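One file, entry-v9.txt, is given below (compact mmCIF, C-alpha atoms).
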# COMPACT_ATOMS: atom_id res chain seq x y z
CA MET G 1 31.55 13.31 -16.96
CA GLU G 2 32.31 10.44 -19.31
CA ILE G 3 31.76 7.96 -16.54
CA VAL G 4 28.32 9.42 -15.89
CA LEU G 5 27.43 9.25 -19.58
CA ARG G 6 28.64 5.67 -19.86
CA GLU G 7 26.68 4.58 -16.85
CA LEU G 8 23.59 6.30 -18.23
CA GLN G 9 23.99 4.48 -21.54
CA ASN G 10 24.57 1.13 -19.83
CA GLY G 11 21.27 1.54 -18.05
CA ASN G 12 22.87 1.25 -14.63
CA VAL G 13 21.33 4.52 -13.46
CA ALA G 14 17.83 3.47 -14.52
CA PHE G 15 18.34 0.11 -12.85
CA GLY G 16 19.40 1.83 -9.63
CA ILE G 17 16.33 4.08 -9.76
CA PHE G 18 14.04 1.06 -10.13
CA CYS G 19 15.81 -0.68 -7.22
CA LEU G 20 15.33 2.44 -5.09
CA ILE G 21 11.63 2.60 -6.05
CA ALA G 22 11.11 -1.03 -5.04
CA ILE G 23 12.94 -0.71 -1.73
CA ILE G 24 11.39 2.64 -0.76
CA GLY G 25 7.89 1.29 -1.44
CA ALA G 26 8.58 -1.72 0.74
CA LEU G 27 9.98 0.48 3.51
CA TYR G 28 6.85 2.60 3.31
CA VAL G 29 4.77 -0.55 3.88
CA LEU G 30 6.89 -1.23 6.95
CA PHE G 31 6.76 2.25 8.50
CA SER G 32 3.35 3.55 7.45
CA LYS G 33 0.72 4.17 10.10
CA ASN G 34 -2.31 3.61 7.86
CA VAL G 35 -3.35 0.36 6.20
CA LEU G 36 -4.57 2.00 2.98
CA TYR G 37 -1.38 4.04 2.55
CA ALA G 38 0.62 0.88 3.17
CA SER G 39 -1.17 -0.74 0.24
CA TYR G 40 -0.20 2.25 -1.92
CA GLY G 41 3.40 1.69 -0.86
CA LEU G 42 3.01 -1.93 -1.95
CA LEU G 43 1.81 -0.67 -5.35
CA VAL G 44 4.96 1.44 -5.75
CA SER G 45 7.12 -1.50 -4.76
CA PHE G 46 5.41 -3.79 -7.31
CA LEU G 47 6.03 -1.21 -10.06
CA GLY G 48 9.71 -1.05 -9.15
CA VAL G 49 9.98 -4.84 -9.20
CA ALA G 50 8.34 -4.85 -12.67
CA GLY G 51 11.07 -2.46 -13.85
CA ILE G 52 13.76 -4.73 -12.40
CA PHE G 53 12.23 -7.66 -14.34
CA VAL G 54 12.67 -5.73 -17.59
CA PHE G 55 16.37 -5.27 -16.84
CA ALA G 56 16.69 -8.99 -16.10
CA GLY G 57 15.36 -9.84 -19.55
CA GLY G 58 11.87 -10.89 -18.55
CA GLU G 59 9.57 -8.57 -20.47
CA PHE G 60 6.61 -10.91 -20.34
CA VAL G 61 7.10 -11.52 -16.62
CA SER G 62 7.14 -7.76 -16.11
CA ALA G 63 3.83 -7.32 -17.94
CA ALA G 64 2.37 -10.24 -16.01
CA GLN G 65 3.62 -8.69 -12.77
CA ILE G 66 1.75 -5.47 -13.52
CA MET G 67 -1.41 -7.29 -14.61
CA ILE G 68 -1.58 -9.94 -11.89
CA TYR G 69 -0.14 -8.14 -8.88
CA ILE G 70 -1.33 -4.59 -9.43
CA GLY G 71 -4.49 -5.41 -11.36
CA GLY G 72 -5.53 -8.40 -9.30
CA ILE G 73 -3.89 -8.92 -5.96
CA LEU G 74 -3.65 -5.28 -4.92
CA ILE G 75 -7.29 -4.62 -5.79
CA LEU G 76 -8.28 -7.68 -3.75
CA LEU G 77 -6.20 -6.42 -0.82
CA ILE G 78 -7.79 -2.98 -0.97
CA PHE G 79 -11.24 -4.59 -1.03
CA GLY G 80 -10.22 -6.63 2.00
CA ILE G 81 -9.08 -3.49 3.83
CA MET G 82 -12.38 -1.80 3.04
CA LEU G 83 -14.49 -4.73 4.21
CA SER G 84 -12.50 -5.58 7.32
CA SER G 85 -11.87 -2.18 8.90
CA ASN G 86 -13.27 -1.84 12.39
CA LYS G 87 -16.16 0.63 12.27
CA LYS G 88 -16.30 1.04 16.04
CA MET G 89 -12.84 2.61 16.11
CA GLY G 90 -14.18 5.71 14.33
CA LYS G 91 -11.48 7.90 12.83
CA GLY G 92 -8.59 5.62 13.69
CA LYS G 93 -10.06 2.53 12.07
CA LEU G 94 -7.29 2.22 9.50
CA ASN G 95 -4.45 2.64 11.98
CA ILE G 96 -1.88 -0.08 12.40
CA GLU G 97 -0.61 -1.40 15.69
CA ASN G 98 2.99 -2.51 15.70
CA MET G 99 4.68 -4.86 18.10
CA ASP G 100 8.33 -5.65 18.77
CA MET G 101 9.44 -3.11 16.16
CA VAL G 102 13.04 -2.93 17.39
CA PHE G 103 13.36 -6.70 17.59
CA SER G 104 11.98 -7.33 14.12
CA LEU G 105 14.03 -4.50 12.62
CA THR G 106 17.15 -6.03 14.15
CA ILE G 107 16.28 -9.41 12.67
CA ALA G 108 15.50 -7.88 9.26
CA VAL G 109 18.70 -5.84 9.08
CA SER G 110 20.84 -8.77 10.16
CA LEU G 111 19.03 -11.08 7.70
CA SER G 112 19.60 -8.72 4.78
CA LEU G 113 23.23 -8.17 5.80
CA LEU G 114 23.79 -11.92 6.05
CA LEU G 115 22.19 -12.59 2.65
CA SER G 116 24.13 -9.73 1.02
CA PHE G 117 27.36 -11.02 2.57
CA LEU G 118 26.69 -14.52 1.22
CA VAL G 119 25.86 -13.11 -2.22
CA LEU G 120 29.00 -10.99 -2.31
CA GLU G 121 31.16 -13.90 -1.18
CA SER G 122 29.93 -16.35 -3.79
CA LYS G 123 31.16 -16.39 -7.35
CA PHE G 124 28.63 -16.76 -10.16
CA ASN G 125 29.51 -17.75 -13.69
CA THR G 126 27.77 -14.96 -15.58
CA ARG G 127 28.60 -15.47 -19.21
CA SER G 128 26.00 -13.64 -21.22
CA PHE G 129 24.36 -15.46 -24.08
CA LYS G 130 23.27 -13.69 -27.18
CA PRO G 131 19.75 -12.32 -26.91
CA GLN G 132 17.02 -14.55 -28.26
CA GLN G 133 13.33 -14.17 -28.98
CA HIS G 134 12.36 -14.50 -25.36
CA ILE G 135 8.61 -14.18 -25.54
CA LYS G 136 8.20 -16.54 -28.50
CA ASN G 137 10.35 -19.17 -26.81
CA LEU G 138 8.46 -18.60 -23.57
CA GLY G 139 5.17 -19.33 -25.31
CA TYR G 140 6.54 -22.48 -27.00
CA ASN G 141 8.02 -23.67 -23.71
CA LEU G 142 4.79 -23.00 -21.85
CA MET G 143 2.79 -25.02 -24.36
CA THR G 144 5.18 -27.97 -24.78
CA ASP G 145 7.45 -28.70 -21.83
CA SER G 146 5.40 -27.29 -18.98
CA VAL G 147 1.89 -27.74 -20.34
CA LEU G 148 0.99 -30.11 -17.51
CA VAL G 149 1.94 -27.53 -14.88
CA LEU G 150 -0.08 -24.95 -16.80
CA GLU G 151 -3.19 -27.14 -16.68
CA ILE G 152 -2.70 -27.89 -13.00
CA ILE G 153 -2.31 -24.17 -12.29
CA GLY G 154 -5.58 -23.58 -14.12
CA VAL G 155 -7.36 -26.15 -11.97
CA LEU G 156 -5.75 -24.66 -8.85
CA LEU G 157 -7.00 -21.17 -9.74
CA LEU G 158 -10.51 -22.50 -10.37
CA MET G 159 -10.50 -24.33 -7.04
CA ALA G 160 -9.16 -21.29 -5.22
CA LEU G 161 -11.83 -18.99 -6.67
CA ILE G 162 -14.70 -21.41 -5.96
CA GLY G 163 -13.33 -22.06 -2.47
CA ALA G 164 -12.93 -18.36 -1.74
CA THR G 165 -16.51 -17.57 -2.76
CA TYR G 166 -17.74 -20.56 -0.74
CA ILE G 167 -15.84 -19.53 2.37
CA ALA G 168 -16.86 -15.88 2.15
CA LYS G 169 -20.56 -16.50 1.47
CA LYS G 170 -23.17 -15.55 4.01
CA ASP G 171 -24.27 -18.58 6.00
CA GLU G 172 -27.88 -18.80 6.94
CA MET Z 1 22.96 -4.86 -16.04
CA ASN Z 2 25.34 -7.67 -16.93
CA ASN Z 3 26.05 -8.66 -13.39
CA LEU Z 4 24.07 -10.87 -11.09
CA THR Z 5 25.01 -9.36 -7.74
CA PRO Z 6 22.81 -6.20 -7.70
CA TYR Z 7 19.68 -8.22 -8.40
CA LEU Z 8 20.45 -10.61 -5.58
CA ILE Z 9 21.15 -7.81 -3.11
CA VAL Z 10 17.93 -5.96 -3.96
CA SER Z 11 16.00 -9.18 -3.56
CA ALA Z 12 17.69 -9.88 -0.21
CA ILE Z 13 16.68 -6.44 1.07
CA LEU Z 14 13.08 -6.88 -0.14
CA PHE Z 15 12.92 -10.31 1.49
CA ALA Z 16 14.12 -8.92 4.82
CA ILE Z 17 11.61 -6.05 4.68
CA GLY Z 18 8.79 -8.50 3.93
CA PHE Z 19 9.86 -10.63 6.86
CA ALA Z 20 9.88 -7.58 9.15
CA VAL Z 21 6.38 -6.65 7.96
CA ILE Z 22 5.10 -10.14 8.76
CA VAL Z 23 6.64 -10.16 12.23
CA THR Z 24 5.76 -6.62 13.23
CA LYS Z 25 2.24 -5.87 12.10
CA LYS Z 26 -0.79 -6.78 14.15
CA ASN Z 27 -3.14 -6.91 11.18
CA LEU Z 28 -3.80 -9.99 9.06
CA ILE Z 29 -4.04 -8.04 5.78
CA LEU Z 30 -0.67 -6.41 6.33
CA MET Z 31 0.79 -9.82 7.03
CA LEU Z 32 -0.52 -10.92 3.60
CA MET Z 33 1.23 -7.88 2.11
CA GLY Z 34 4.47 -9.02 3.73
CA VAL Z 35 4.06 -12.45 2.14
CA GLU Z 36 3.60 -10.75 -1.23
CA LEU Z 37 6.81 -8.77 -0.74
CA MET Z 38 8.75 -11.94 0.05
CA LEU Z 39 7.33 -13.71 -3.02
CA ASN Z 40 8.35 -10.73 -5.14
CA ALA Z 41 11.89 -11.01 -3.85
CA VAL Z 42 11.97 -14.69 -4.80
CA ASN Z 43 10.64 -13.83 -8.27
CA ILE Z 44 13.45 -11.31 -8.79
CA ASN Z 45 15.93 -14.07 -7.97
CA PHE Z 46 14.35 -16.48 -10.45
CA VAL Z 47 14.27 -14.00 -13.32
CA ALA Z 48 17.79 -12.71 -12.60
CA PHE Z 49 19.26 -16.21 -12.60
CA SER Z 50 17.35 -17.12 -15.75
CA LYS Z 51 19.04 -14.22 -17.56
CA PHE Z 52 22.35 -16.08 -17.42
CA ASP Z 53 20.84 -19.48 -18.13
CA LYS Z 54 21.28 -21.27 -21.43
CA ILE Z 55 17.48 -21.63 -21.65
CA PRO Z 56 16.23 -18.34 -20.21
CA GLU Z 57 12.57 -19.36 -20.28
CA LYS Z 58 12.69 -21.88 -17.46
CA GLY Z 59 13.15 -19.40 -14.64
CA GLN Z 60 10.60 -17.01 -16.11
CA ILE Z 61 7.98 -19.78 -16.29
CA PHE Z 62 8.71 -20.57 -12.65
CA ALA Z 63 8.21 -16.89 -11.76
CA LEU Z 64 4.90 -16.83 -13.64
CA PHE Z 65 3.64 -19.88 -11.75
CA ILE Z 66 4.70 -18.33 -8.45
CA MET Z 67 2.63 -15.26 -9.31
CA LEU Z 68 -0.46 -17.36 -10.08
CA VAL Z 69 -0.13 -19.36 -6.87
CA ALA Z 70 0.24 -16.07 -4.96
CA ALA Z 71 -2.97 -14.80 -6.57
CA SER Z 72 -4.96 -17.85 -5.49
CA GLU Z 73 -3.38 -17.69 -2.03
CA VAL Z 74 -4.49 -14.09 -1.59
CA ALA Z 75 -8.03 -14.89 -2.75
CA VAL Z 76 -8.47 -17.72 -0.23
CA GLY Z 77 -6.63 -15.79 2.51
CA LEU Z 78 -8.87 -12.75 2.13
CA ALA Z 79 -12.00 -14.92 2.25
CA ILE Z 80 -10.78 -16.46 5.51
CA ILE Z 81 -9.90 -13.01 6.88
CA LEU Z 82 -13.40 -11.71 6.12
CA LYS Z 83 -14.89 -14.72 7.91
CA ILE Z 84 -12.62 -14.11 10.92
CA LYS Z 85 -13.66 -10.46 10.92
CA LYS Z 86 -17.34 -11.43 10.97
CA TYR Z 87 -16.89 -13.99 13.74
CA TYR Z 88 -14.41 -12.29 16.10
CA GLU Z 89 -15.09 -8.62 15.20
CA ASN Z 90 -11.37 -7.92 14.71
CA ILE Z 91 -8.44 -9.16 12.65
CA ASN Z 92 -5.69 -8.71 15.20
CA PRO Z 93 -3.85 -12.04 15.42
CA GLU Z 94 -2.90 -11.30 19.04
CA LYS Z 95 -6.57 -11.36 20.06
CA LEU Z 96 -7.57 -14.58 18.29
CA THR Z 97 -6.82 -16.73 21.32
CA GLU Z 98 -9.73 -19.14 21.27
CA LEU Z 99 -7.48 -22.19 21.03
CA LYS Z 100 -5.19 -21.01 23.85
CA ASN Z 101 -5.03 -23.34 26.90
Rendering of file as structure tokens:
Amino acid sequence: MEIVLRELQNGNVAFGIFCLIAIIGALYVLFSKNVLYASYGLLVSFLGVAGIFVFAGGEFVSAAQIMIYIGGILILLIFGIMLSSNKKMGKGKLNIENMDMVFSLTIAVSLSLLLSFLVLESKFNTRSFKPQQHIKNLGYNLMTDSVLVLEIIGVLLLMALIGATYIAKKDE
Amino acid sequence: MNNLTPYLIVSAILFAIGFAVIVTKKNLILMLMGVELMLNAVNINFVAFSKFDKIPEKGQIFALFIMLVAASEVAVGLAIILKIKKYYENINPEKLTELKN
């Protein structure tokens, strides 16, 4: 009983729940038969990953994950699903065809086992430093050390948006 | 969590699932979803390592930039997918064989 209470207070149980949410969402993307439901699985997985970020000390990254991935990328993907479904297929227009499922599952399982083995074999020096004001330092760092990268990212986003609208426009 | 290993294992599993999604699905949009899953796994690694860094902001800034690049990648990718859909009437990568032979 004490062990359970201690684990609960350490946050290990909540961390495990977030890990399970992320992995189950991803597995749902893999095994779902419907494109739209697969995108909902992706949403669940993104939320779990945002929780994991909080445990890793990245509160701002977690908020950015929710805003960018769920608010931006997922909405774009759902729009893409809506606009690219095949109307001629009728009721089964959102169905997914799979190929080489056994082969790819074998590769995926062996890849994850190999990576987990390598992780478990290696020793990391995990001294913990005392907690700082993460978000304040993040803002200072973003505006001093990596301001050039920030500007370049801004230009990249502008180019990507203009290019996307140019590519997708109706040609006469 | 004051240990690095669970983060890395979760990210390894997510990476493998994303890879399986890319290889298996015959739908360009689902392949984009697989890419997103793999990028998420990489982001978990960055943030988890930055927790034990002397300057914890570096890894988080890297993760933020990865997210922004992923956003622009998805925007351009979806525009190309819509064009492909209009031109070839389907988005199954197995059937886009115009350059074959």
Residues within 12 Å of Asn45 in chain Z, all atoms listed in the file, excluding chain neighbours under 6 positions, as a list in words
Val49, Ile52, Phe53, Ala56, Gly58 and Val119 of chain G; Leu4, Thr5, Pro6, Tyr7, Leu8, Ile9, Val10, Ser11, Ala12, Ile13, Leu14, Phe15, Met38, Leu39, Lys51, Phe52, Gly59, Gln60, Phe62 and Ala63 of chain Z
Select from chain Z every residue with an atom at most 7 Å from any atom of chain G, then for each give the shortest pair of atoms and their distance in Å to one decimal, using all atoms listed in the file, rows by chain and rising number, as JSON lines.
{"residue": "Z:Met1", "atom": "CA", "partner": "G:Asn12", "partner_atom": "CA", "distance": 6.3}
{"residue": "Z:Asn3", "atom": "CA", "partner": "G:Thr126", "partner_atom": "CA", "distance": 6.9}
{"residue": "Z:Thr5", "atom": "CA", "partner": "G:Val119", "partner_atom": "CA", "distance": 6.7}
{"residue": "Z:Leu8", "atom": "CA", "partner": "G:Val119", "partner_atom": "CA", "distance": 6.8}
{"residue": "Z:Ile9", "atom": "CA", "partner": "G:Ser116", "partner_atom": "CA", "distance": 5.4}
{"residue": "Z:Val10", "atom": "CA", "partner": "G:Cys19", "partner_atom": "CA", "distance": 6.6}
{"residue": "Z:Ala12", "atom": "CA", "partner": "G:Ser112", "partner_atom": "CA", "distance": 5.5}
{"residue": "Z:Ile13", "atom": "CA", "partner": "G:Ser112", "partner_atom": "CA", "distance": 5.2}
{"residue": "Z:Leu14", "atom": "CA", "partner": "G:Ile23", "partner_atom": "CA", "distance": 6.4}
{"residue": "Z:Ala16", "atom": "CA", "partner": "G:Ala108", "partner_atom": "CA", "distance": 4.8}
{"residue": "Z:Ile17", "atom": "CA", "partner": "G:Ala108", "partner_atom": "CA", "distance": 6.3}
{"residue": "Z:Phe19", "atom": "CA", "partner": "G:Ala108", "partner_atom": "CA", "distance": 6.7}
{"residue": "Z:Ala20", "atom": "CA", "partner": "G:Ser104", "partner_atom": "CA", "distance": 5.4}
{"residue": "Z:Val21", "atom": "CA", "partner": "G:Leu30", "partner_atom": "CA", "distance": 5.5}
{"residue": "Z:Val23", "atom": "CA", "partner": "G:Ser104", "partner_atom": "CA", "distance": 6.3}
{"residue": "Z:Thr24", "atom": "CA", "partner": "G:Met99", "partner_atom": "CA", "distance": 5.3}
{"residue": "Z:Lys25", "atom": "CA", "partner": "G:Asn98", "partner_atom": "CA", "distance": 5.0}
{"residue": "Z:Lys26", "atom": "CA", "partner": "G:Glu97", "partner_atom": "CA", "distance": 5.6}
{"residue": "Z:Ile44", "atom": "CA", "partner": "G:Phe53", "partner_atom": "CA", "distance": 6.8}
{"residue": "Z:Val47", "atom": "CA", "partner": "G:Ala56", "partner_atom": "CA", "distance": 6.2}
{"residue": "Z:Ala48", "atom": "CA", "partner": "G:Ala56", "partner_atom": "CA", "distance": 5.2}
{"residue": "Z:Lys51", "atom": "CA", "partner": "G:Ala56", "partner_atom": "CA", "distance": 5.9}
{"residue": "Z:Phe52", "atom": "CA", "partner": "G:Ser128", "partner_atom": "CA", "distance": 5.8}
{"residue": "Z:Glu57", "atom": "CA", "partner": "G:Leu138", "partner_atom": "CA", "distance": 5.3}
{"residue": "Z:Gln60", "atom": "CA", "partner": "G:Val61", "partner_atom": "CA", "distance": 6.5}
{"residue": "Z:Leu64", "atom": "CA", "partner": "G:Val61", "partner_atom": "CA", "distance": 6.5}
{"residue": "Z:Ala71", "atom": "CA", "partner": "G:Ile73", "partner_atom": "CA", "distance": 6.0}
{"residue": "Z:Ser72", "atom": "CA", "partner": "G:Ala160", "partner_atom": "CA", "distance": 5.4}
{"residue": "Z:Val74", "atom": "CA", "partner": "G:Ile73", "partner_atom": "CA", "distance": 6.8}
{"residue": "Z:Ala75", "atom": "CA", "partner": "G:Ala164", "partner_atom": "CA", "distance": 6.1}
{"residue": "Z:Val76", "atom": "CA", "partner": "G:Ala164", "partner_atom": "CA", "distance": 4.8}
{"residue": "Z:Leu78", "atom": "CA", "partner": "G:Gly80", "partner_atom": "CA", "distance": 6.3}
{"residue": "Z:Ala79", "atom": "CA", "partner": "G:Ala168", "partner_atom": "CA", "distance": 5.0}
{"residue": "Z:Ile80", "atom": "CA", "partner": "G:Ile167", "partner_atom": "CA", "distance": 6.7}
{"residue": "Z:Leu82", "atom": "CA", "partner": "G:Ser84", "partner_atom": "CA", "distance": 6.3}
{"residue": "Z:Lys83", "atom": "CA", "partner": "G:Ala168", "partner_atom": "CA", "distance": 6.2}
{"residue": "Z:Lys85", "atom": "CA", "partner": "G:Ser84", "partner_atom": "CA", "distance": 6.2}
{"residue": "Z:Asn90", "atom": "CA", "partner": "G:Asn86", "partner_atom": "CA", "distance": 6.8}
Record the distance separating CA of Lys93 in chain G and CA of Glu36 in chain Z, expressed in Å with one decimal.
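Computing the Euclidean distance for CA of Lys93 in chain G and CA of Glu36 in chain Z yields 23.2 Å.
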Atom-to-atom span, CA of Gly51 in chain G and CA of Gly71 in chain G, Å:
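Separating CA of Gly51 in chain G from CA of Gly71 in chain G is a distance of 16.0 Å.
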Give as number ranges by chain every residue, naming chains and numbers as the document does, that has an atom within 10 Å of (0.6, -10.9, 10.7), counting all atoms listed in the file.
Z: 20-35, 91-94
What does the distance between CA of Gly48 in chain G and CA of Gly18 in chain Z come to in Å, to one decimal place?
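Separating CA of Gly48 in chain G from CA of Gly18 in chain Z is a distance of 15.1 Å.
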Quick one: of Z:Ile81, Z:Leu99, Z:Ile55, Z:Ala70, who's nearest to Val42 in chain Z, counting all atoms listed in the file?
Z:Ala70
